[in-house]
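Notes follow the structure.
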Amino acid sequence: MTDAPDKSASSSGAPSGDLAISFADRVNRIAPSPTVAISSLALDLRAAGRDVIGLATGEPDFDTPPHVTEAAIRAIHDGHTKYTQVDGIPELKAAIVAKFARENGITVTPENISIGTGGKQVLFNALMATVQAGDEVVIPAPYWVSFAGIVEVAGGTPVYVQAGFADGLKMTPDRLAAAITPRTRWVIVNSPSNPTGMGYSADELRALADVIRPHRQVMVLSDDLYEHLVYDGFEFSTLAALAPDMADRIMTLNGVSKSYCMTGWRIGFAAAPAPLVKAMAKLQSQSTSCPNSIAQHAAIAALDGPTDFIARNNAAFARRRARVLAALNAMEGVTCPAPDGAFYAFADILGLIGKARPDGRVIETDSDFAAALLELGDVAIVPGVAFGLSPAFRLSFAAADDTLDTALTRIASVVETLR
Ligand code: PLP
């Protein structure tokens with residue numbers, strides 16, 4: 001906020017630029033989200049007149065369904081415009097309890113439900129409530145950037161488990177077992193995954209649960225945000241349903257952002273042990289007070305309403321996924337495994353490292369490749385280094401078909417110029 005007017009400095013005559021703000025360790029030890037940084041750079045270039053196509057962000061390009069927007073408008077007219085219960089209104093908690101029973105086979109009560117300003121705040125609350133200096137959180141890499149960032153804000157240490165291309169971009173039970181120590185507080189499982197789209201089968205999840213079960217101090221975070229966005233018959237499963245004996249230490253995170261095209265509404269939720277839900281509410285009471293009241297009513301309409309639009313959206317995503325896979329795998333030096341879900345392709349670009357651009361600059365890292373795509377091809381993607389696996393990149397295919405086709409043609413042209 002260095003651009004904010006500095007009234008105290010001007011009244012004392014000192015130039016505002018002299019103001020030295022010292023920042024807390026918790027902000028000094030983290031970096032801004034790299035995915036947001038790349039999207040911002042693409043927006044800046046577009047504002048400067050460049051025809052940049054952004055495939056860096058993670059949100060559906062479809063509008064929120066009309067029955068949801070209408071519920072929000074009704075909520076405004078009905079006067080649902082005041083503070084609500086700290087971690088959500090009872091009607092939405094009831095809809096979430098029903099969702100977990102109906103869709104996931106998870107039996108919970110309203111005392112197990114925490115609702116926040118997006119899944120990100122719910123995750124933030126959970127980690128801030130439980131992780132402190134010396135605590136470790138096991139995160140399979142590549143990972144969604146906020147898993148690492150929030151652990152670091154909380155003062156904990158992320159412990160990365162490599163889940164590379166050779167392992168199908170999934171954490172194996174052996175590697176998980178080797179990563180758990182007496183200091184481990186959480187293991188994070190995200191299926192289908194951001195950034196890779198890879199999903200764990202029920203058997204794979206059971207094998208991970210078997211590794212975690214004997215370690216009583218370890219909680220499990222199952223991030224299921226992409227539950228409904230799956231392809232090629234992939235069957236979504238979740239740990240709390242497969243290991244009900246571990247219910248007292250599993251938190252199942254979900255929300256309406258991705259499946260219901262509601263990223264801007266900011267409603268996320270979790271099913272978790274009641275004492276954890278209480279601690280999270282305590283934190284939330286001192287930060288945002290409650291989730292947005294109107295968006296909570298909209299979320300009820302989303303969870304209780306028709307879901308046929310999800311299949312329609314998935315058909316479009318599946319079509320785009322096929323185009324992306326065909327185009328990327330046709331490029332020399334690029335290999336892209338087929339994602340089970342989400343709307344991301346995560347490509348291996350080992351074959352491009354060491355090649356030179358027409359101006360002679362050598363592609364030494366995936367960041368160099370991302371820079372080349374932006375400079376020479378006007379396409380923004382996110383280099384794998386941002387997610388903890390290099391050399392690679394993530395491309396979001398949540399973009400209109402013709403935009404995606406243009407972007408793929410441009411990427412192919414840039415790749416062809418590399419020697
Ligand atoms: N979890 C994963 C894996 C995500 O990719 C995201 C968003 O990008 C979230 C959680 C949080 O989503 P939201 O805060 O919009 O609910």
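So you can find residues: chains in the structure tokens are A, B, ... in the order shown, residues in each start at 1, and ligands are numbered from 1 in order.
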Task: Non-local contacts of segment 361-371 of chain A (8 Å; only C-alpha atoms; under 4 positions in same chain excluded) as a ChimeraX atom specification - done: /A:349,352-357,375,380-385,390-393
Output the selection as a tab-separated table (two decimals), in the first residue's frame - all heavy atoms for each residue.
chain	number	residue	atom	x	y	z
A	349	ILE	N	7.86	-30.13	-20.32
A	349	ILE	CA	8.59	-29.48	-21.42
A	349	ILE	C	10.10	-29.72	-21.32
A	349	ILE	O	10.89	-28.89	-21.80
A	349	ILE	CB	8.28	-27.96	-21.52
A	349	ILE	CG1	8.56	-27.24	-20.20
A	349	ILE	CG2	6.85	-27.74	-21.98
A	349	ILE	CD1	8.67	-25.73	-20.37
A	352	LEU	N	12.15	-29.10	-24.34
A	352	LEU	CA	12.39	-27.74	-24.86
A	352	LEU	C	13.57	-27.06	-24.18
A	352	LEU	O	14.08	-26.04	-24.66
A	352	LEU	CB	11.15	-26.86	-24.68
A	352	LEU	CG	9.88	-27.31	-25.40
A	352	LEU	CD1	8.74	-26.33	-25.12
A	352	LEU	CD2	10.14	-27.42	-26.91
A	353	ILE	N	13.98	-27.62	-23.04
A	353	ILE	CA	15.05	-26.97	-22.27
A	353	ILE	C	16.37	-27.09	-23.03
A	353	ILE	O	16.71	-28.16	-23.54
A	353	ILE	CB	15.15	-27.59	-20.85
A	353	ILE	CG1	13.81	-27.42	-20.11
A	353	ILE	CG2	16.30	-26.99	-20.04
A	353	ILE	CD1	13.31	-25.99	-19.94
A	354	GLY	N	17.07	-25.97	-23.13
A	354	GLY	CA	18.34	-25.95	-23.87
A	354	GLY	C	18.19	-25.45	-25.29
A	354	GLY	O	19.18	-25.17	-25.96
A	355	LYS	N	16.95	-25.33	-25.77
A	355	LYS	CA	16.76	-24.81	-27.12
A	355	LYS	C	16.85	-23.28	-27.10
A	355	LYS	O	16.64	-22.65	-26.06
A	355	LYS	CB	15.39	-25.23	-27.66
A	355	LYS	CG	15.28	-26.73	-27.94
A	355	LYS	CD	14.05	-27.03	-28.77
A	355	LYS	CE	14.02	-28.50	-29.17
A	355	LYS	NZ	12.95	-28.77	-30.12
A	356	ALA	N	17.13	-22.70	-28.27
A	356	ALA	CA	17.30	-21.25	-28.34
A	356	ALA	C	16.17	-20.59	-29.10
A	356	ALA	O	15.62	-21.16	-30.06
A	356	ALA	CB	18.64	-20.92	-29.00
A	357	ARG	N	15.82	-19.41	-28.68
A	357	ARG	CA	14.82	-18.59	-29.38
A	357	ARG	C	15.48	-17.98	-30.62
A	357	ARG	O	16.70	-17.96	-30.73
A	357	ARG	CB	14.35	-17.45	-28.47
A	357	ARG	CG	13.75	-17.91	-27.19
A	357	ARG	CD	13.57	-16.82	-26.12
A	357	ARG	NE	13.43	-15.45	-26.57
A	357	ARG	CZ	12.74	-14.52	-25.92
A	357	ARG	NH1	12.10	-14.80	-24.78
A	357	ARG	NH2	12.68	-13.29	-26.36
A	375	GLU	N	6.13	-13.06	-24.69
A	375	GLU	CA	6.77	-12.04	-25.54
A	375	GLU	C	6.58	-12.31	-27.03
A	375	GLU	O	6.33	-11.40	-27.81
A	375	GLU	CB	8.28	-12.00	-25.27
A	375	GLU	CG	8.66	-11.29	-24.00
A	375	GLU	CD	10.14	-11.56	-23.67
A	375	GLU	OE1	10.97	-11.60	-24.61
A	375	GLU	OE2	10.44	-11.76	-22.48
A	380	ALA	N	-0.41	-16.19	-22.23
A	380	ALA	CA	0.03	-16.30	-20.83
A	380	ALA	C	-0.34	-17.66	-20.27
A	380	ALA	O	-1.51	-18.05	-20.28
A	380	ALA	CB	-0.61	-15.20	-19.99
A	381	ILE	N	0.66	-18.40	-19.82
A	381	ILE	CA	0.46	-19.66	-19.10
A	381	ILE	C	1.28	-19.56	-17.81
A	381	ILE	O	1.98	-18.57	-17.60
A	381	ILE	CB	0.89	-20.90	-19.93
A	381	ILE	CG1	2.27	-20.71	-20.56
A	381	ILE	CG2	-0.13	-21.19	-21.04
A	381	ILE	CD1	3.43	-21.05	-19.76
A	382	VAL	N	1.21	-20.56	-16.94
A	382	VAL	CA	1.97	-20.48	-15.69
A	382	VAL	C	3.08	-21.54	-15.71
A	382	VAL	O	2.80	-22.72	-15.94
A	382	VAL	CB	1.07	-20.71	-14.46
A	382	VAL	CG1	1.84	-20.45	-13.17
A	382	VAL	CG2	-0.17	-19.84	-14.52
A	383	PRO	N	4.35	-21.13	-15.48
A	383	PRO	CA	5.43	-22.12	-15.47
A	383	PRO	C	5.30	-23.05	-14.28
A	383	PRO	O	4.84	-22.66	-13.20
A	383	PRO	CB	6.69	-21.25	-15.36
A	383	PRO	CG	6.25	-19.97	-14.76
A	383	PRO	CD	4.82	-19.76	-15.19
A	384	GLY	N	5.75	-24.31	-14.46
A	384	GLY	CA	5.64	-25.33	-13.42
A	384	GLY	C	6.32	-24.94	-12.12
A	384	GLY	O	5.87	-25.36	-11.04
A	385	VAL	N	7.36	-24.12	-12.20
A	385	VAL	CA	8.09	-23.74	-10.99
A	385	VAL	C	7.15	-23.13	-9.95
A	385	VAL	O	7.32	-23.30	-8.74
A	385	VAL	CB	9.28	-22.79	-11.33
A	385	VAL	CG1	8.80	-21.47	-11.92
A	385	VAL	CG2	10.16	-22.54	-10.13
A	390	SER	N	9.18	-28.69	-12.16
A	390	SER	CA	9.76	-28.14	-13.38
A	390	SER	C	10.51	-29.22	-14.13
A	390	SER	O	10.97	-30.19	-13.52
A	390	SER	CB	10.77	-27.04	-13.02
A	390	SER	OG	10.11	-25.89	-12.59
A	391	PRO	N	10.74	-29.06	-15.46
A	391	PRO	CA	10.21	-27.99	-16.30
A	391	PRO	C	8.84	-28.40	-16.84
A	391	PRO	O	8.68	-29.47	-17.43
A	391	PRO	CB	11.25	-27.89	-17.43
A	391	PRO	CG	11.79	-29.29	-17.55
A	391	PRO	CD	11.67	-29.94	-16.20
A	392	ALA	N	7.88	-27.52	-16.65
A	392	ALA	CA	6.50	-27.83	-17.04
A	392	ALA	C	5.73	-26.52	-17.17
A	392	ALA	O	6.26	-25.45	-16.87
A	392	ALA	CB	5.86	-28.72	-15.98
A	393	PHE	N	4.50	-26.62	-17.64
A	393	PHE	CA	3.61	-25.45	-17.53
A	393	PHE	C	2.18	-25.91	-17.36
A	393	PHE	O	1.82	-27.04	-17.74
A	393	PHE	CB	3.76	-24.49	-18.72
A	393	PHE	CG	3.24	-24.99	-20.05
A	393	PHE	CD1	1.88	-24.89	-20.38
A	393	PHE	CD2	4.10	-25.54	-20.99
A	393	PHE	CE1	1.41	-25.33	-21.60
A	393	PHE	CE2	3.64	-25.99	-22.22
A	393	PHE	CZ	2.28	-25.88	-22.53
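Neighbouring residues of ligand 1 at a cut-off of 7 Å, counting only C-alpha atoms and all ligand atoms, are Gly58, Thr117, Gly118, Gly119, Lys120, Gln121, Trp144, Asn190, Ser193, Asn194, Asp223, Leu225, Gly255, Val256, Ser257, Thr263, Arg266, Ile267 and Gly268 of chain A.
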Can you write out the residues you just picked, keeping all heavy atoms, as a compact mmCIF listing (two decimals), in the first residue's frame?
# COMPACT_ATOMS: atom_id res chain seq x y z
N GLY A 58 -7.60 -19.71 -13.05
CA GLY A 58 -8.34 -20.93 -12.78
C GLY A 58 -9.80 -20.67 -12.47
O GLY A 58 -10.24 -20.85 -11.34
N THR A 117 -15.55 -17.32 3.23
CA THR A 117 -15.49 -16.49 2.03
C THR A 117 -14.60 -17.19 1.00
O THR A 117 -13.45 -16.81 0.80
CB THR A 117 -14.97 -15.09 2.43
OG1 THR A 117 -15.87 -14.57 3.41
CG2 THR A 117 -14.94 -14.14 1.25
N GLY A 118 -15.15 -18.22 0.38
CA GLY A 118 -14.39 -19.04 -0.56
C GLY A 118 -13.73 -20.19 0.19
O GLY A 118 -13.47 -20.10 1.41
N GLY A 119 -13.46 -21.25 -0.59
CA GLY A 119 -12.73 -22.37 -0.01
C GLY A 119 -11.40 -21.90 0.55
O GLY A 119 -10.88 -22.45 1.53
N LYS A 120 -10.84 -20.87 -0.06
CA LYS A 120 -9.53 -20.39 0.36
C LYS A 120 -9.56 -19.88 1.80
O LYS A 120 -8.66 -20.15 2.58
CB LYS A 120 -9.04 -19.30 -0.59
CG LYS A 120 -7.56 -19.02 -0.49
CD LYS A 120 -7.14 -17.88 -1.39
CE LYS A 120 -6.46 -18.37 -2.64
NZ LYS A 120 -5.85 -17.29 -3.43
N GLN A 121 -10.63 -19.17 2.17
CA GLN A 121 -10.69 -18.69 3.56
C GLN A 121 -10.91 -19.86 4.53
O GLN A 121 -10.36 -19.86 5.63
CB GLN A 121 -11.78 -17.64 3.77
CG GLN A 121 -11.57 -16.96 5.13
CD GLN A 121 -12.75 -16.19 5.67
OE1 GLN A 121 -13.87 -16.30 5.18
NE2 GLN A 121 -12.50 -15.39 6.69
N TRP A 144 -1.33 -26.74 -5.61
CA TRP A 144 -1.98 -25.43 -5.73
C TRP A 144 -1.20 -24.45 -4.86
O TRP A 144 -0.92 -24.75 -3.69
CB TRP A 144 -3.43 -25.54 -5.26
CG TRP A 144 -4.18 -24.24 -5.27
CD1 TRP A 144 -4.18 -23.29 -6.24
CD2 TRP A 144 -5.04 -23.74 -4.24
NE1 TRP A 144 -4.99 -22.23 -5.89
CE2 TRP A 144 -5.53 -22.49 -4.66
CE3 TRP A 144 -5.45 -24.23 -2.99
CZ2 TRP A 144 -6.41 -21.71 -3.90
CZ3 TRP A 144 -6.32 -23.47 -2.23
CH2 TRP A 144 -6.79 -22.22 -2.69
N ASN A 190 -5.44 -33.41 -2.92
CA ASN A 190 -6.29 -32.56 -3.77
C ASN A 190 -6.58 -33.32 -5.06
O ASN A 190 -5.72 -33.52 -5.88
CB ASN A 190 -5.53 -31.25 -4.05
CG ASN A 190 -6.21 -30.35 -5.06
OD1 ASN A 190 -5.56 -29.65 -5.83
ND2 ASN A 190 -7.53 -30.36 -5.10
N SER A 193 -6.76 -32.53 -9.17
CA SER A 193 -5.78 -31.56 -8.69
C SER A 193 -5.71 -30.28 -9.52
O SER A 193 -5.84 -30.30 -10.73
CB SER A 193 -4.40 -32.23 -8.71
OG SER A 193 -3.37 -31.32 -9.03
N ASN A 194 -5.50 -29.20 -8.82
CA ASN A 194 -4.96 -28.00 -9.42
C ASN A 194 -3.49 -28.03 -9.02
O ASN A 194 -3.22 -28.05 -7.81
CB ASN A 194 -5.67 -26.76 -8.84
CG ASN A 194 -5.09 -25.47 -9.36
OD1 ASN A 194 -4.23 -25.47 -10.23
ND2 ASN A 194 -5.55 -24.36 -8.81
N ASP A 223 -9.06 -31.76 -0.46
CA ASP A 223 -9.56 -30.60 -1.20
C ASP A 223 -10.30 -31.12 -2.44
O ASP A 223 -9.69 -31.61 -3.39
CB ASP A 223 -8.38 -29.70 -1.60
CG ASP A 223 -8.84 -28.45 -2.36
OD1 ASP A 223 -9.86 -28.52 -3.08
OD2 ASP A 223 -8.16 -27.41 -2.26
N LEU A 225 -12.50 -29.38 -4.43
CA LEU A 225 -13.14 -28.28 -5.16
C LEU A 225 -13.54 -28.64 -6.59
O LEU A 225 -14.51 -28.13 -7.13
CB LEU A 225 -12.19 -27.06 -5.20
CG LEU A 225 -12.39 -25.94 -4.18
CD1 LEU A 225 -13.52 -25.00 -4.58
CD2 LEU A 225 -12.61 -26.42 -2.76
N GLY A 255 -16.76 -26.29 -2.29
CA GLY A 255 -17.30 -24.94 -2.47
C GLY A 255 -18.07 -24.85 -3.77
O GLY A 255 -18.17 -25.83 -4.52
N VAL A 256 -18.61 -23.68 -4.03
CA VAL A 256 -19.42 -23.51 -5.23
C VAL A 256 -18.65 -22.84 -6.38
O VAL A 256 -19.18 -22.72 -7.49
CB VAL A 256 -20.71 -22.70 -4.92
CG1 VAL A 256 -21.64 -23.51 -4.01
CG2 VAL A 256 -20.40 -21.35 -4.30
N SER A 257 -17.40 -22.42 -6.12
CA SER A 257 -16.67 -21.62 -7.11
C SER A 257 -16.56 -22.29 -8.47
O SER A 257 -16.88 -21.69 -9.50
CB SER A 257 -15.26 -21.32 -6.62
OG SER A 257 -15.28 -20.33 -5.64
N THR A 263 -17.06 -18.23 -8.88
CA THR A 263 -15.79 -17.83 -8.25
C THR A 263 -15.91 -16.48 -7.53
O THR A 263 -15.36 -16.30 -6.46
CB THR A 263 -14.66 -17.76 -9.29
OG1 THR A 263 -15.14 -17.06 -10.44
CG2 THR A 263 -14.20 -19.13 -9.71
N ARG A 266 -17.69 -16.00 -3.73
CA ARG A 266 -16.87 -16.28 -2.56
C ARG A 266 -17.60 -17.07 -1.47
O ARG A 266 -17.77 -16.58 -0.35
CB ARG A 266 -16.25 -14.97 -1.96
CG ARG A 266 -15.57 -14.05 -2.95
CD ARG A 266 -14.50 -14.71 -3.80
NE ARG A 266 -13.44 -15.36 -3.06
CZ ARG A 266 -13.09 -16.64 -3.28
NH1 ARG A 266 -13.67 -17.37 -4.21
NH2 ARG A 266 -12.13 -17.18 -2.58
N ILE A 267 -18.03 -18.25 -1.82
CA ILE A 267 -18.57 -19.17 -0.81
C ILE A 267 -17.86 -20.52 -0.93
O ILE A 267 -17.85 -21.14 -1.98
CB ILE A 267 -20.10 -19.39 -0.98
CG1 ILE A 267 -20.88 -18.09 -0.72
CG2 ILE A 267 -20.58 -20.51 -0.02
CD1 ILE A 267 -20.90 -17.60 0.72
N GLY A 268 -17.22 -20.90 0.18
CA GLY A 268 -16.61 -22.22 0.27
C GLY A 268 -17.02 -22.84 1.59
O GLY A 268 -17.51 -22.13 2.48
Task: Residues near Ser191 of chain A, cut-off 7 Å, only C-alpha atoms, skip fewer than 6 positions along chain, as a PyMOL selection string - done: chain A and resi 198-200+223-224
Please produce an output containing N, CA and C atoms for each residue in the selection, written as a compact mmCIF listing (two decimals), in the first residue's frame.
# COMPACT_ATOMS: atom_id res chain seq x y z
N MET A 198 -5.06 -34.27 -12.27
CA MET A 198 -5.04 -35.71 -11.96
C MET A 198 -5.94 -36.02 -10.77
N GLY A 199 -6.60 -37.18 -10.84
CA GLY A 199 -7.48 -37.58 -9.75
C GLY A 199 -7.03 -38.93 -9.20
N TYR A 200 -7.24 -39.13 -7.91
CA TYR A 200 -6.90 -40.40 -7.27
C TYR A 200 -8.11 -41.31 -7.31
N ASP A 223 -9.06 -31.76 -0.46
CA ASP A 223 -9.56 -30.60 -1.20
C ASP A 223 -10.30 -31.12 -2.44
N ASP A 224 -11.62 -31.01 -2.39
CA ASP A 224 -12.50 -31.60 -3.42
C ASP A 224 -13.14 -30.54 -4.32
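Closest approach to Thr130 of chain A among A:Tyr260, A:Tyr160, A:Trp186, A:Phe147 is made by A:Trp186 (distances from only C-alpha atoms).
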Taking 6 positions as the minimum chain separation for residues in the same chain, which residues sit within 10 Å of Arg213 of chain A when counting only C-alpha atoms? Answer as an mmCIF file with C-alpha atoms, in the first residue's frame.
data_model
loop_
_atom_site.group_PDB
_atom_site.id
_atom_site.type_symbol
_atom_site.label_atom_id
_atom_site.label_comp_id
_atom_site.auth_asym_id
_atom_site.auth_seq_id
_atom_site.Cartn_x
_atom_site.Cartn_y
_atom_site.Cartn_z
ATOM 1 C CA MET A 219 -4.998 -34.564 10.114
ATOM 2 C CA VAL A 220 -6.007 -34.937 6.456
ATOM 3 C CA ALA A 243 -12.053 -44.073 5.727
ATOM 4 C CA ASP A 245 -12.930 -44.494 11.013
ATOM 5 C CA MET A 246 -10.732 -41.398 10.483
ATOM 6 C CA ARG A 249 -9.252 -36.049 11.676
#
Open item on the list: Quick check for you: according to DSSP on this backbone, which residues of segment 135-291 of chain A are classed as strand (DSSP E)? Reply as number ranges by chain.
Closed with: A: 136-141, 157-162, 184-190, 219-223, 250-255, 268-271
Task: Polymer residues at most 9 Å from Arg175 of chain A, only C-alpha atoms, same-chain spacing of 2 or more positions, as a list of chain:residue names - done: A:Val161, A:Gln162, A:Ala163, A:Met171, A:Thr172, A:Pro173, A:Ala177, A:Ala178, A:Ala179
Take the residues from that selection and write them out as a PDB file, in the first residue's frame, keeping all heavy atoms.
ATOM      1  N   VAL A 161       6.144 -33.595  -1.273  1.00  0.00           N
ATOM      2  CA  VAL A 161       6.342 -34.969  -1.732  1.00  0.00           C
ATOM      3  C   VAL A 161       6.279 -34.926  -3.250  1.00  0.00           C
ATOM      4  O   VAL A 161       5.260 -34.496  -3.813  1.00  0.00           O
ATOM      5  CB  VAL A 161       5.233 -35.896  -1.191  1.00  0.00           C
ATOM      6  CG1 VAL A 161       5.354 -37.291  -1.795  1.00  0.00           C
ATOM      7  CG2 VAL A 161       5.302 -35.969   0.319  1.00  0.00           C
ATOM      8  N   GLN A 162       7.362 -35.347  -3.888  1.00  0.00           N
ATOM      9  CA  GLN A 162       7.385 -35.273  -5.354  1.00  0.00           C
ATOM     10  C   GLN A 162       6.349 -36.216  -5.962  1.00  0.00           C
ATOM     11  O   GLN A 162       6.299 -37.395  -5.628  1.00  0.00           O
ATOM     12  CB  GLN A 162       8.782 -35.620  -5.882  1.00  0.00           C
ATOM     13  CG  GLN A 162       9.772 -34.459  -5.789  1.00  0.00           C
ATOM     14  CD  GLN A 162       9.251 -33.170  -6.427  1.00  0.00           C
ATOM     15  OE1 GLN A 162       8.802 -33.170  -7.574  1.00  0.00           O
ATOM     16  NE2 GLN A 162       9.288 -32.056  -5.690  1.00  0.00           N
ATOM     17  N   ALA A 163       5.509 -35.666  -6.814  1.00  0.00           N
ATOM     18  CA  ALA A 163       4.515 -36.465  -7.542  1.00  0.00           C
ATOM     19  C   ALA A 163       4.683 -36.068  -9.008  1.00  0.00           C
ATOM     20  O   ALA A 163       3.878 -35.338  -9.578  1.00  0.00           O
ATOM     21  CB  ALA A 163       3.111 -36.152  -7.031  1.00  0.00           C
ATOM     22  N   MET A 171       0.914 -38.658  -5.686  1.00  0.00           N
ATOM     23  CA  MET A 171       1.746 -39.032  -4.544  1.00  0.00           C
ATOM     24  C   MET A 171       1.592 -40.533  -4.295  1.00  0.00           C
ATOM     25  O   MET A 171       0.467 -41.023  -4.159  1.00  0.00           O
ATOM     26  CB  MET A 171       1.270 -38.225  -3.337  1.00  0.00           C
ATOM     27  CG  MET A 171       1.874 -38.588  -2.012  1.00  0.00           C
ATOM     28  SD  MET A 171       1.530 -37.312  -0.759  1.00  0.00           S
ATOM     29  CE  MET A 171      -0.244 -37.510  -0.503  1.00  0.00           C
ATOM     30  N   THR A 172       2.708 -41.240  -4.220  1.00  0.00           N
ATOM     31  CA  THR A 172       2.616 -42.684  -3.952  1.00  0.00           C
ATOM     32  C   THR A 172       2.615 -42.907  -2.436  1.00  0.00           C
ATOM     33  O   THR A 172       3.158 -42.096  -1.671  1.00  0.00           O
ATOM     34  CB  THR A 172       3.810 -43.446  -4.566  1.00  0.00           C
ATOM     35  OG1 THR A 172       5.014 -42.972  -3.938  1.00  0.00           O
ATOM     36  CG2 THR A 172       3.910 -43.235  -6.071  1.00  0.00           C
ATOM     37  N   PRO A 173       2.028 -44.029  -1.976  1.00  0.00           N
ATOM     38  CA  PRO A 173       2.015 -44.312  -0.533  1.00  0.00           C
ATOM     39  C   PRO A 173       3.425 -44.339   0.054  1.00  0.00           C
ATOM     40  O   PRO A 173       3.646 -43.827   1.155  1.00  0.00           O
ATOM     41  CB  PRO A 173       1.356 -45.689  -0.463  1.00  0.00           C
ATOM     42  CG  PRO A 173       0.529 -45.790  -1.701  1.00  0.00           C
ATOM     43  CD  PRO A 173       1.254 -45.022  -2.752  1.00  0.00           C
ATOM     44  N   ALA A 177       4.685 -42.058   3.093  1.00  0.00           N
ATOM     45  CA  ALA A 177       5.175 -42.656   4.348  1.00  0.00           C
ATOM     46  C   ALA A 177       6.520 -42.048   4.739  1.00  0.00           C
ATOM     47  O   ALA A 177       6.772 -41.742   5.914  1.00  0.00           O
ATOM     48  CB  ALA A 177       5.297 -44.166   4.183  1.00  0.00           C
ATOM     49  N   ALA A 178       7.376 -41.829   3.739  1.00  0.00           N
ATOM     50  CA  ALA A 178       8.711 -41.300   4.032  1.00  0.00           C
ATOM     51  C   ALA A 178       8.659 -39.839   4.480  1.00  0.00           C
ATOM     52  O   ALA A 178       9.589 -39.354   5.133  1.00  0.00           O
ATOM     53  CB  ALA A 178       9.596 -41.442   2.793  1.00  0.00           C
ATOM     54  N   ALA A 179       7.598 -39.138   4.151  1.00  0.00           N
ATOM     55  CA  ALA A 179       7.524 -37.705   4.453  1.00  0.00           C
ATOM     56  C   ALA A 179       6.935 -37.418   5.836  1.00  0.00           C
ATOM     57  O   ALA A 179       7.087 -36.323   6.370  1.00  0.00           O
ATOM     58  CB  ALA A 179       6.684 -36.995   3.390  1.00  0.00           C
TER      59      ALA A 179
END
- [ ] Run DSSP on the backbone and grab whatever in segment 178-209 of chain A lands in alpha helix (DSSP H); send it over as a ChimeraX atom specification.
- [x] /A:178-179,202-209
TODO: Could you jot down the atom CA of Ala126 of chain A to atom CA of Met251 of chain A separation for me, Å, one decimal place?
DONE: 8.7 Å
